[in-house]
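Shown below: work-v8.pdb, with PDB, C-alpha atoms and all ligand atoms.
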ATOM      1  CA  MET A  11     130.010  98.486  93.669
ATOM      2  CA  ASP A  12     131.642 100.451  90.858
ATOM      3  CA  PHE A  13     129.584 101.657  87.895
ATOM      4  CA  PRO A  14     130.697 103.795  84.954
ATOM      5  CA  PRO A  15     129.191 107.269  85.620
ATOM      6  CA  SER A  16     127.184 107.093  82.380
ATOM      7  CA  LYS A  17     125.527 103.855  83.547
ATOM      8  CA  LEU A  18     124.944 104.762  87.169
ATOM      9  CA  PHE A  19     121.671 106.630  86.790
ATOM     10  CA  SER A  20     120.147 103.978  84.548
ATOM     11  CA  THR A  21     121.279 101.324  87.048
ATOM     12  CA  ILE A  22     119.537 103.292  89.804
ATOM     13  CA  HIS A  23     116.445 103.453  87.615
ATOM     14  CA  GLU A  24     116.413  99.699  87.058
ATOM     15  CA  LEU A  25     116.873  98.949  90.761
ATOM     16  CA  LEU A  26     114.065 101.321  91.747
ATOM     17  CA  ILE A  27     111.679 100.004  89.097
ATOM     18  CA  ALA A  28     112.336  96.490  90.365
ATOM     19  CA  GLN A  29     111.639  97.570  93.948
ATOM     20  CA  TYR A  30     108.568  99.784  93.673
ATOM     21  CA  ASP A  31     105.171  99.249  92.104
ATOM     22  CA  ILE A  32     104.792 102.428  90.076
ATOM     23  CA  ASN A  33     101.156 101.553  89.470
ATOM     24  CA  ARG A  34     100.715 103.158  92.883
ATOM     25  CA  TRP A  35     101.820 106.531  91.432
ATOM     26  CA  HIS A  36      98.948 109.014  91.383
ATOM     27  CA  TRP A  37      99.208 109.665  87.643
ATOM     28  CA  GLN A  38      98.781 106.721  85.311
ATOM     29  CA  GLN A  39      98.430 106.587  81.530
ATOM     30  CA  SER A  40      94.645 106.659  81.955
ATOM     31  CA  THR A  41      94.634 109.780  84.155
ATOM     32  CA  PRO A  42      92.918 112.625  82.269
ATOM     33  CA  PRO A  43      95.225 115.575  81.433
ATOM     34  CA  PHE A  44      92.775 117.923  83.189
ATOM     35  CA  ASP A  45      93.240 116.076  86.500
ATOM     36  CA  ILE A  46      97.022 116.080  86.029
ATOM     37  CA  CYS A  47      97.220 119.819  85.315
ATOM     38  CA  LEU A  48      95.070 120.728  88.320
ATOM     39  CA  GLY A  49      97.013 118.360  90.555
ATOM     40  CA  ALA A  50     100.377 119.697  89.368
ATOM     41  CA  ILE A  51      99.322 123.247  90.210
ATOM     42  CA  LEU A  52      97.683 122.424  93.546
ATOM     43  CA  VAL A  53     100.492 120.203  94.872
ATOM     44  CA  GLN A  54     102.985 123.035  95.197
ATOM     45  CA  HIS A  55     104.134 123.222  98.857
ATOM     46  CA  THR A  56     101.662 120.641 100.110
ATOM     47  CA  ALA A  57     101.151 116.879 100.372
ATOM     48  CA  TRP A  58      99.350 114.866  97.710
ATOM     49  CA  THR A  59      96.680 113.788 100.217
ATOM     50  CA  ASN A  60      95.625 117.451 100.500
ATOM     51  CA  VAL A  61      95.472 117.721  96.717
ATOM     52  CA  GLU A  62      93.137 114.729  96.608
ATOM     53  CA  LYS A  63      90.792 116.469  99.056
ATOM     54  CA  ALA A  64      90.801 119.697  97.024
ATOM     55  CA  LEU A  65      90.176 117.820  93.767
ATOM     56  CA  ALA A  66      87.316 115.914  95.401
ATOM     57  CA  ASN A  67      85.776 119.222  96.558
ATOM     58  CA  LEU A  68      85.987 120.697  93.053
ATOM     59  CA  ARG A  69      84.489 117.590  91.516
ATOM     60  CA  ALA A  70      81.658 117.385  94.077
ATOM     61  CA  ALA A  71      80.822 121.062  93.491
ATOM     62  CA  GLY A  72      80.618 120.508  89.745
ATOM     63  CA  VAL A  73      83.646 122.742  89.146
ATOM     64  CA  TRP A  74      85.237 120.128  86.941
ATOM     65  CA  SER A  75      86.174 121.896  83.739
ATOM     66  CA  LEU A  76      88.407 124.830  82.898
ATOM     67  CA  GLU A  77      85.301 126.765  81.866
ATOM     68  CA  ALA A  78      83.721 126.147  85.280
ATOM     69  CA  ILE A  79      86.920 127.281  87.014
ATOM     70  CA  GLN A  80      86.914 130.480  85.006
ATOM     71  CA  ALA A  81      83.214 131.111  85.610
ATOM     72  CA  LEU A  82      83.451 130.872  89.388
ATOM     73  CA  ALA A  83      84.617 133.756  91.597
ATOM     74  CA  GLU A  84      88.155 133.355  92.922
ATOM     75  CA  ASP A  85      87.028 133.288  96.556
ATOM     76  CA  GLU A  86      84.519 130.522  95.792
ATOM     77  CA  ILE A  87      87.244 128.388  94.240
ATOM     78  CA  ALA A  88      89.430 129.201  97.235
ATOM     79  CA  LEU A  89      86.832 127.690  99.553
ATOM     80  CA  LEU A  90      86.944 124.452  97.570
ATOM     81  CA  VAL A  91      90.743 124.177  97.439
ATOM     82  CA  ARG A  92      91.317 125.108 101.080
ATOM     83  CA  PRO A  93      92.878 121.715 101.929
ATOM     84  CA  VAL A  94      96.019 122.594  99.905
ATOM     85  CA  GLY A  95      96.730 125.806 101.851
ATOM     86  CA  THR A  96      97.121 129.382 100.525
ATOM     87  CA  PRO A  97      93.702 128.881  98.897
ATOM     88  CA  LEU A  98      93.365 132.311  97.283
ATOM     89  CA  THR A  99      96.777 131.932  95.661
ATOM     90  CA  LYS A 100      95.967 128.446  94.420
ATOM     91  CA  ALA A 101      92.549 129.592  93.150
ATOM     92  CA  SER A 102      94.182 132.435  91.266
ATOM     93  CA  ARG A 103      96.701 129.991  89.729
ATOM     94  CA  LEU A 104      93.955 127.653  88.592
ATOM     95  CA  GLN A 105      92.162 130.554  86.945
ATOM     96  CA  ALA A 106      95.367 131.730  85.259
ATOM     97  CA  PHE A 107      95.903 128.234  83.866
ATOM     98  CA  ALA A 108      92.285 128.085  82.703
ATOM     99  CA  ALA A 109      92.778 131.407  80.886
ATOM    100  CA  LEU A 110      95.941 130.083  79.235
ATOM    101  CA  ALA A 111      94.066 127.020  77.967
ATOM    102  CA  ARG A 112      91.134 129.124  76.757
ATOM    103  CA  ASP A 113      93.456 131.443  74.826
ATOM    104  CA  ALA A 114      95.157 128.409  73.252
ATOM    105  CA  GLY A 115      91.834 127.027  71.994
ATOM    106  CA  GLY A 116      91.233 124.576  74.832
ATOM    107  CA  LEU A 117      93.294 122.212  76.983
ATOM    108  CA  GLU A 118      93.811 119.627  74.261
ATOM    109  CA  ALA A 119      95.043 122.260  71.811
ATOM    110  CA  LEU A 120      97.331 123.723  74.474
ATOM    111  CA  LEU A 121      98.893 120.360  75.304
ATOM    112  CA  GLN A 122      99.440 119.593  71.626
ATOM    113  CA  ARG A 123     101.776 122.555  71.198
ATOM    114  CA  PRO A 124     105.438 121.651  70.612
ATOM    115  CA  ALA A 125     107.070 120.927  73.966
ATOM    116  CA  GLY A 126     109.421 123.916  73.904
ATOM    117  CA  GLU A 127     106.613 126.309  73.021
ATOM    118  CA  LEU A 128     104.286 124.816  75.617
ATOM    119  CA  ARG A 129     106.957 125.088  78.302
ATOM    120  CA  LEU A 130     107.425 128.801  77.584
ATOM    121  CA  LEU A 131     103.665 129.366  77.698
ATOM    122  CA  LEU A 132     103.391 127.541  81.015
ATOM    123  CA  LEU A 133     106.340 129.428  82.490
ATOM    124  CA  SER A 134     104.754 132.734  81.495
ATOM    125  CA  THR A 135     101.622 131.831  83.481
ATOM    126  CA  PRO A 136     101.443 133.155  87.066
ATOM    127  CA  GLY A 137     102.223 130.476  89.631
ATOM    128  CA  ILE A 138     103.712 127.942  87.221
ATOM    129  CA  GLY A 139     107.432 127.408  87.768
ATOM    130  CA  PRO A 140     109.828 124.993  86.050
ATOM    131  CA  GLU A 141     108.933 121.923  88.151
ATOM    132  CA  THR A 142     105.178 122.358  87.596
ATOM    133  CA  ALA A 143     105.684 123.118  83.911
ATOM    134  CA  ASP A 144     107.806 120.005  83.428
ATOM    135  CA  ALA A 145     105.314 117.829  85.350
ATOM    136  CA  ILE A 146     102.537 119.039  83.039
ATOM    137  CA  LEU A 147     104.744 118.435  79.999
ATOM    138  CA  LEU A 148     105.773 114.935  81.066
ATOM    139  CA  TYR A 149     102.470 113.598  82.422
ATOM    140  CA  ALA A 150      99.690 115.638  80.776
ATOM    141  CA  ALA A 151     101.277 116.462  77.396
ATOM    142  CA  ARG A 152     103.251 113.193  77.511
ATOM    143  CA  ALA A 153     106.404 114.835  76.208
ATOM    144  CA  PRO A 154     109.674 112.987  76.976
ATOM    145  CA  VAL A 155     111.050 115.664  79.307
ATOM    146  CA  VAL A 156     112.479 115.315  82.817
ATOM    147  CA  VAL A 157     111.121 116.663  86.098
ATOM    148  CA  HIS A 158     113.515 117.763  88.797
ATOM    149  CA  ASP A 159     112.342 118.103  92.376
ATOM    150  CA  ALA A 160     113.553 118.099  95.969
ATOM    151  CA  TYR A 161     113.283 114.296  96.172
ATOM    152  CA  THR A 162     115.555 113.823  93.160
ATOM    153  CA  GLU A 163     118.092 116.234  94.570
ATOM    154  CA  ARG A 164     118.112 114.572  98.000
ATOM    155  CA  LEU A 165     118.573 111.125  96.491
ATOM    156  CA  CYS A 166     121.310 112.159  94.066
ATOM    157  CA  ARG A 167     123.204 114.132  96.716
ATOM    158  CA  ARG A 168     123.224 111.145  99.034
ATOM    159  CA  ILE A 169     124.374 108.817  96.278
ATOM    160  CA  GLY A 170     127.028 111.325  95.246
ATOM    161  CA  ILE A 171     125.929 112.287  91.737
ATOM    162  CA  GLY A 172     124.439 115.333  90.036
ATOM    163  CA  PRO A 173     125.546 118.788  88.969
ATOM    164  CA  GLU A 174     127.032 121.367  91.289
ATOM    165  CA  GLY A 175     124.613 123.721  92.973
ATOM    166  CA  ASN A 176     120.852 123.599  93.000
ATOM    167  CA  ARG A 177     119.812 125.555  89.914
ATOM    168  CA  TYR A 178     116.790 123.887  88.338
ATOM    169  CA  ALA A 179     118.127 124.420  84.820
ATOM    170  CA  ASP A 180     121.398 122.664  85.664
ATOM    171  CA  TRP A 181     119.593 119.677  87.159
ATOM    172  CA  ARG A 182     117.224 119.517  84.203
ATOM    173  CA  THR A 183     120.138 119.421  81.771
ATOM    174  CA  TRP A 184     121.936 116.805  83.837
ATOM    175  CA  LEU A 185     118.875 114.559  84.229
ATOM    176  CA  ASP A 186     118.099 114.880  80.540
ATOM    177  CA  ALA A 187     121.541 113.466  79.754
ATOM    178  CA  GLN A 188     121.095 110.463  82.098
ATOM    179  CA  LEU A 189     118.089 108.775  80.480
ATOM    180  CA  PRO A 190     117.041 108.086  76.881
ATOM    181  CA  PRO A 191     114.278 110.384  75.540
ATOM    182  CA  ASP A 192     111.593 107.831  76.260
ATOM    183  CA  GLY A 193     108.510 109.358  77.871
ATOM    184  CA  ASP A 194     107.278 106.135  79.498
ATOM    185  CA  LEU A 195     110.690 105.473  80.987
ATOM    186  CA  ARG A 196     111.021 109.055  82.246
ATOM    187  CA  ARG A 197     107.540 109.018  83.779
ATOM    188  CA  ALA A 198     108.351 105.743  85.519
ATOM    189  CA  ASN A 199     111.716 107.074  86.671
ATOM    190  CA  HIS A 200     110.262 110.175  88.296
ATOM    191  CA  ALA A 201     107.503 108.154  89.959
ATOM    192  CA  ALA A 202     109.994 105.580  91.278
ATOM    193  CA  ILE A 203     112.292 108.260  92.707
ATOM    194  CA  VAL A 204     109.402 109.934  94.536
ATOM    195  CA  LEU A 205     108.142 106.610  95.908
ATOM    196  CA  HIS A 206     111.671 105.690  96.998
ATOM    197  CA  CYS A 207     112.202 109.005  98.759
ATOM    198  CA  LYS A 208     108.840 108.836 100.517
ATOM    199  CA  GLU A 209     109.259 105.259 101.658
ATOM    200  CA  THR A 210     112.973 104.528 102.039
ATOM    201  CA  CYS A 211     115.327 107.429 101.336
ATOM    202  CA  ARG A 212     113.346 109.611 103.709
ATOM    203  CA  VAL A 213     114.649 112.510 105.769
ATOM    204  CA  ARG A 214     115.860 109.724 108.066
ATOM    205  CA  PRO A 215     116.985 107.233 105.403
ATOM    206  CA  GLN A 216     116.419 103.516 105.868
ATOM    207  CA  CYS A 217     119.697 102.416 104.293
ATOM    208  CA  ASP A 218     119.542  98.914 105.783
ATOM    209  CA  VAL A 219     116.605  98.010 103.510
ATOM    210  CA  CYS A 220     117.573 100.146 100.509
ATOM    211  CA  PRO A 221     118.152  98.548  97.091
ATOM    212  CA  LEU A 222     120.611 101.331  96.272
ATOM    213  CA  ALA A 223     122.812 100.902  99.353
ATOM    214  CA  GLY A 224     125.590  99.230  97.357
ATOM    215  CA  LEU A 225     126.086 102.239  95.106
ATOM    216  CA  CYS A 226     125.262 105.047  97.508
ATOM    217  CA  ALA A 227     127.999 107.083  99.186
ATOM    218  CA  TYR A 228     125.816 107.831 102.196
ATOM    219  CA  GLY A 229     124.590 104.249 102.441
ATOM    220  CA  GLN A 230     128.193 103.009 102.494
ATOM    221  CA  GLY A 231     129.145 105.507 105.168
ATOM    222  CA  LEU A 232     131.392 107.441 102.794
ATOM    223  CA  THR A 233     129.654 110.733 103.526
ATOM    224  CA  ALA A 234     127.755 112.090 106.491
ATOM    225  CA  SER A 235     125.783 114.539 104.358
ATOM    226  CA  LEU A 236     122.042 114.059 104.397
ATOM    227  CA  GLY A 237     121.694 116.338 101.373
TER     228      GLY A 237
HETATM  229  S1  LIG A 301     121.433 103.873 100.882
HETATM  230 FE1  LIG A 301     120.363 105.266 102.281
HETATM  231  S2  LIG A 301     120.924 107.335 101.642
HETATM  232 FE2  LIG A 301     121.432 105.937  99.967
HETATM  233  S3  LIG A 301     119.670 105.936  98.606
HETATM  234 FE3  LIG A 301     119.387 104.255 100.045
HETATM  235  S4  LIG A 301     118.197 105.078 101.759
HETATM  236 FE4  LIG A 301     119.020 106.808 100.574
END

What would the structure in this file look like if it were written as structure tokens?
Amino acid sequence: MDFPPSKLFSTIHELLIAQYDINRWHWQQSTPPFDICLGAILVQHTAWTNVEKALANLRAAGVWSLEAIQALAEDEIALLVRPVGTPLTKASRLQAFAALARDAGGLEALLQRPAGELRLLLLSTPGIGPETADAILLYAARAPVVVHDAYTERLCRRIGIGPEGNRYADWRTWLDAQLPPDGDLRRANHAAIVLHCKETCRVRPQCDVCPLAGLCAYGQGLTASLG
């Protein structure tokens, strides 16, 4: 199938949205921003199932506010977030985020900052890199930004699209140009790509059942690269 390059990404989006139930995505419109921010920080280098266990521990221990996170000793938080690995590091990152929110006048006030300003604040916080910052912007602050991650890169490389290299900033610029600045659409797009890469375009891709096979270079046998 041939698609004009400018239409290809939105065609991919439509095919994925038709295939996957994004109501299964862990962050929905009703998910509180607090849960999203903690999850975005804890999920670095681990699986979402481990994040769920750590969040459940925090909730069960009554450590379920930024004030409570700040009030507790770092090693006590570390015990609660052990399921996500590197618990002291993750505990320190949660406390750094809690301090950022406190200094901004609270989480709601922080998330209401203009997107560009909020992104800079997040990036200046220890342990928050571009992917985490953009996830917080898109899902917690509900700004119409894009999130780039390893799943997106794997999928795009296999299809045969995307910028050269793997610099986050280049991918962010490229993704931003592919979709209209519609937050709901961009949230759905990111969720659909992650679901697709977990269930179909896995490390060993299941091209025979893939809705994108007709437009994918790898799926058509045009490239042997697994990206
Ligand atoms: S055709 Fe194969 S490689 Fe291409 S997107 Fe689908 S599963 Fe991934």

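Take atom CA of Ala198 of chain A and atom CA of Val91 of chain A: the distance between them is 28.1 Å.
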
Q: Scan for residues within 8 Å of the point (112.0, 111.8, 87.1) in the coordinates of the file, using only C-alpha atoms, and reply as a PyMOL selection string.
A: chain A and resi 156-158+162+185+196-203

Q | Contacts to ligand LIG 301 (chain A) at 6 Å cut-off (all atoms listed in the file) as a list in words | A |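 Checking all atoms listed in the file against ligand LIG 301 (chain A) at 6 Å gives Leu165, Arg168, Ile169, Thr210, Cys211, Pro215, Gln216, Cys217, Cys220, Leu222, Ala223, Cys226, Tyr228 and Gly229 of chain A.
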
Q. Quick one: of A:Gly72, A:Pro43, A:Pro93, A:Pro136, who's nearest to Trp58 of chain A, counting only C-alpha atoms?
A. A:Pro93

Q: Just the residues within 10 Å of segment 103-105 of chain A, please, counting only C-alpha atoms, with nothing from its chain fewer than 4 positions along; format it as an MDAnalysis selection string.
A: chainID A and resid 47:49 51:52 76:84 87:88 97:99 109:111 135:138

Export of prior selection with C-alpha atoms as a CSV table (one decimal), keeping the file's coordinate frame:
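File written: again32.csv
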chain,number,residue,atom,x,y,z
A,47,CYS,CA,97.2,119.8,85.3
A,48,LEU,CA,95.1,120.7,88.3
A,49,GLY,CA,97.0,118.4,90.6
A,51,ILE,CA,99.3,123.2,90.2
A,52,LEU,CA,97.7,122.4,93.5
A,76,LEU,CA,88.4,124.8,82.9
A,77,GLU,CA,85.3,126.8,81.9
A,78,ALA,CA,83.7,126.1,85.3
A,79,ILE,CA,86.9,127.3,87.0
A,80,GLN,CA,86.9,130.5,85.0
A,81,ALA,CA,83.2,131.1,85.6
A,82,LEU,CA,83.5,130.9,89.4
A,83,ALA,CA,84.6,133.8,91.6
A,84,GLU,CA,88.2,133.4,92.9
A,87,ILE,CA,87.2,128.4,94.2
A,88,ALA,CA,89.4,129.2,97.2
A,97,PRO,CA,93.7,128.9,98.9
A,98,LEU,CA,93.4,132.3,97.3
A,99,THR,CA,96.8,131.9,95.7
A,109,ALA,CA,92.8,131.4,80.9
A,110,LEU,CA,95.9,130.1,79.2
A,111,ALA,CA,94.1,127.0,78.0
A,135,THR,CA,101.6,131.8,83.5
A,136,PRO,CA,101.4,133.2,87.1
A,137,GLY,CA,102.2,130.5,89.6
A,138,ILE,CA,103.7,127.9,87.2

For segment 150-171 of chain A of the block above, can you save C-alpha atoms as an mmCIF file, in the first residue's frame?
data_model
loop_
_atom_site.group_PDB
_atom_site.id
_atom_site.type_symbol
_atom_site.label_atom_id
_atom_site.label_comp_id
_atom_site.auth_asym_id
_atom_site.auth_seq_id
_atom_site.Cartn_x
_atom_site.Cartn_y
_atom_site.Cartn_z
ATOM 1 C CA ALA A 150 -1.445 14.622 34.115
ATOM 2 C CA ALA A 151 -1.363 18.231 32.853
ATOM 3 C CA ARG A 152 -3.366 17.210 29.764
ATOM 4 C CA ALA A 153 -1.246 19.337 27.458
ATOM 5 C CA PRO A 154 -1.313 18.341 23.757
ATOM 6 C CA VAL A 155 2.330 17.243 23.623
ATOM 7 C CA VAL A 156 3.836 14.008 22.301
ATOM 8 C CA VAL A 157 5.658 11.267 24.198
ATOM 9 C CA HIS A 158 8.472 9.394 22.526
ATOM 10 C CA ASP A 159 9.609 6.047 23.869
ATOM 11 C CA ALA A 160 11.358 2.829 22.887
ATOM 12 C CA TYR A 161 8.085 1.296 21.655
ATOM 13 C CA THR A 162 7.452 4.189 19.270
ATOM 14 C CA GLU A 163 10.974 3.986 17.931
ATOM 15 C CA ARG A 164 10.800 0.217 17.389
ATOM 16 C CA LEU A 165 7.489 0.483 15.562
ATOM 17 C CA CYS A 166 8.529 3.400 13.360
ATOM 18 C CA ARG A 167 11.882 1.819 12.488
ATOM 19 C CA ARG A 168 10.176 -1.371 11.387
ATOM 20 C CA ILE A 169 7.630 0.519 9.318
ATOM 21 C CA GLY A 170 10.398 2.639 7.819
ATOM 22 C CA ILE A 171 9.539 6.121 9.076
#
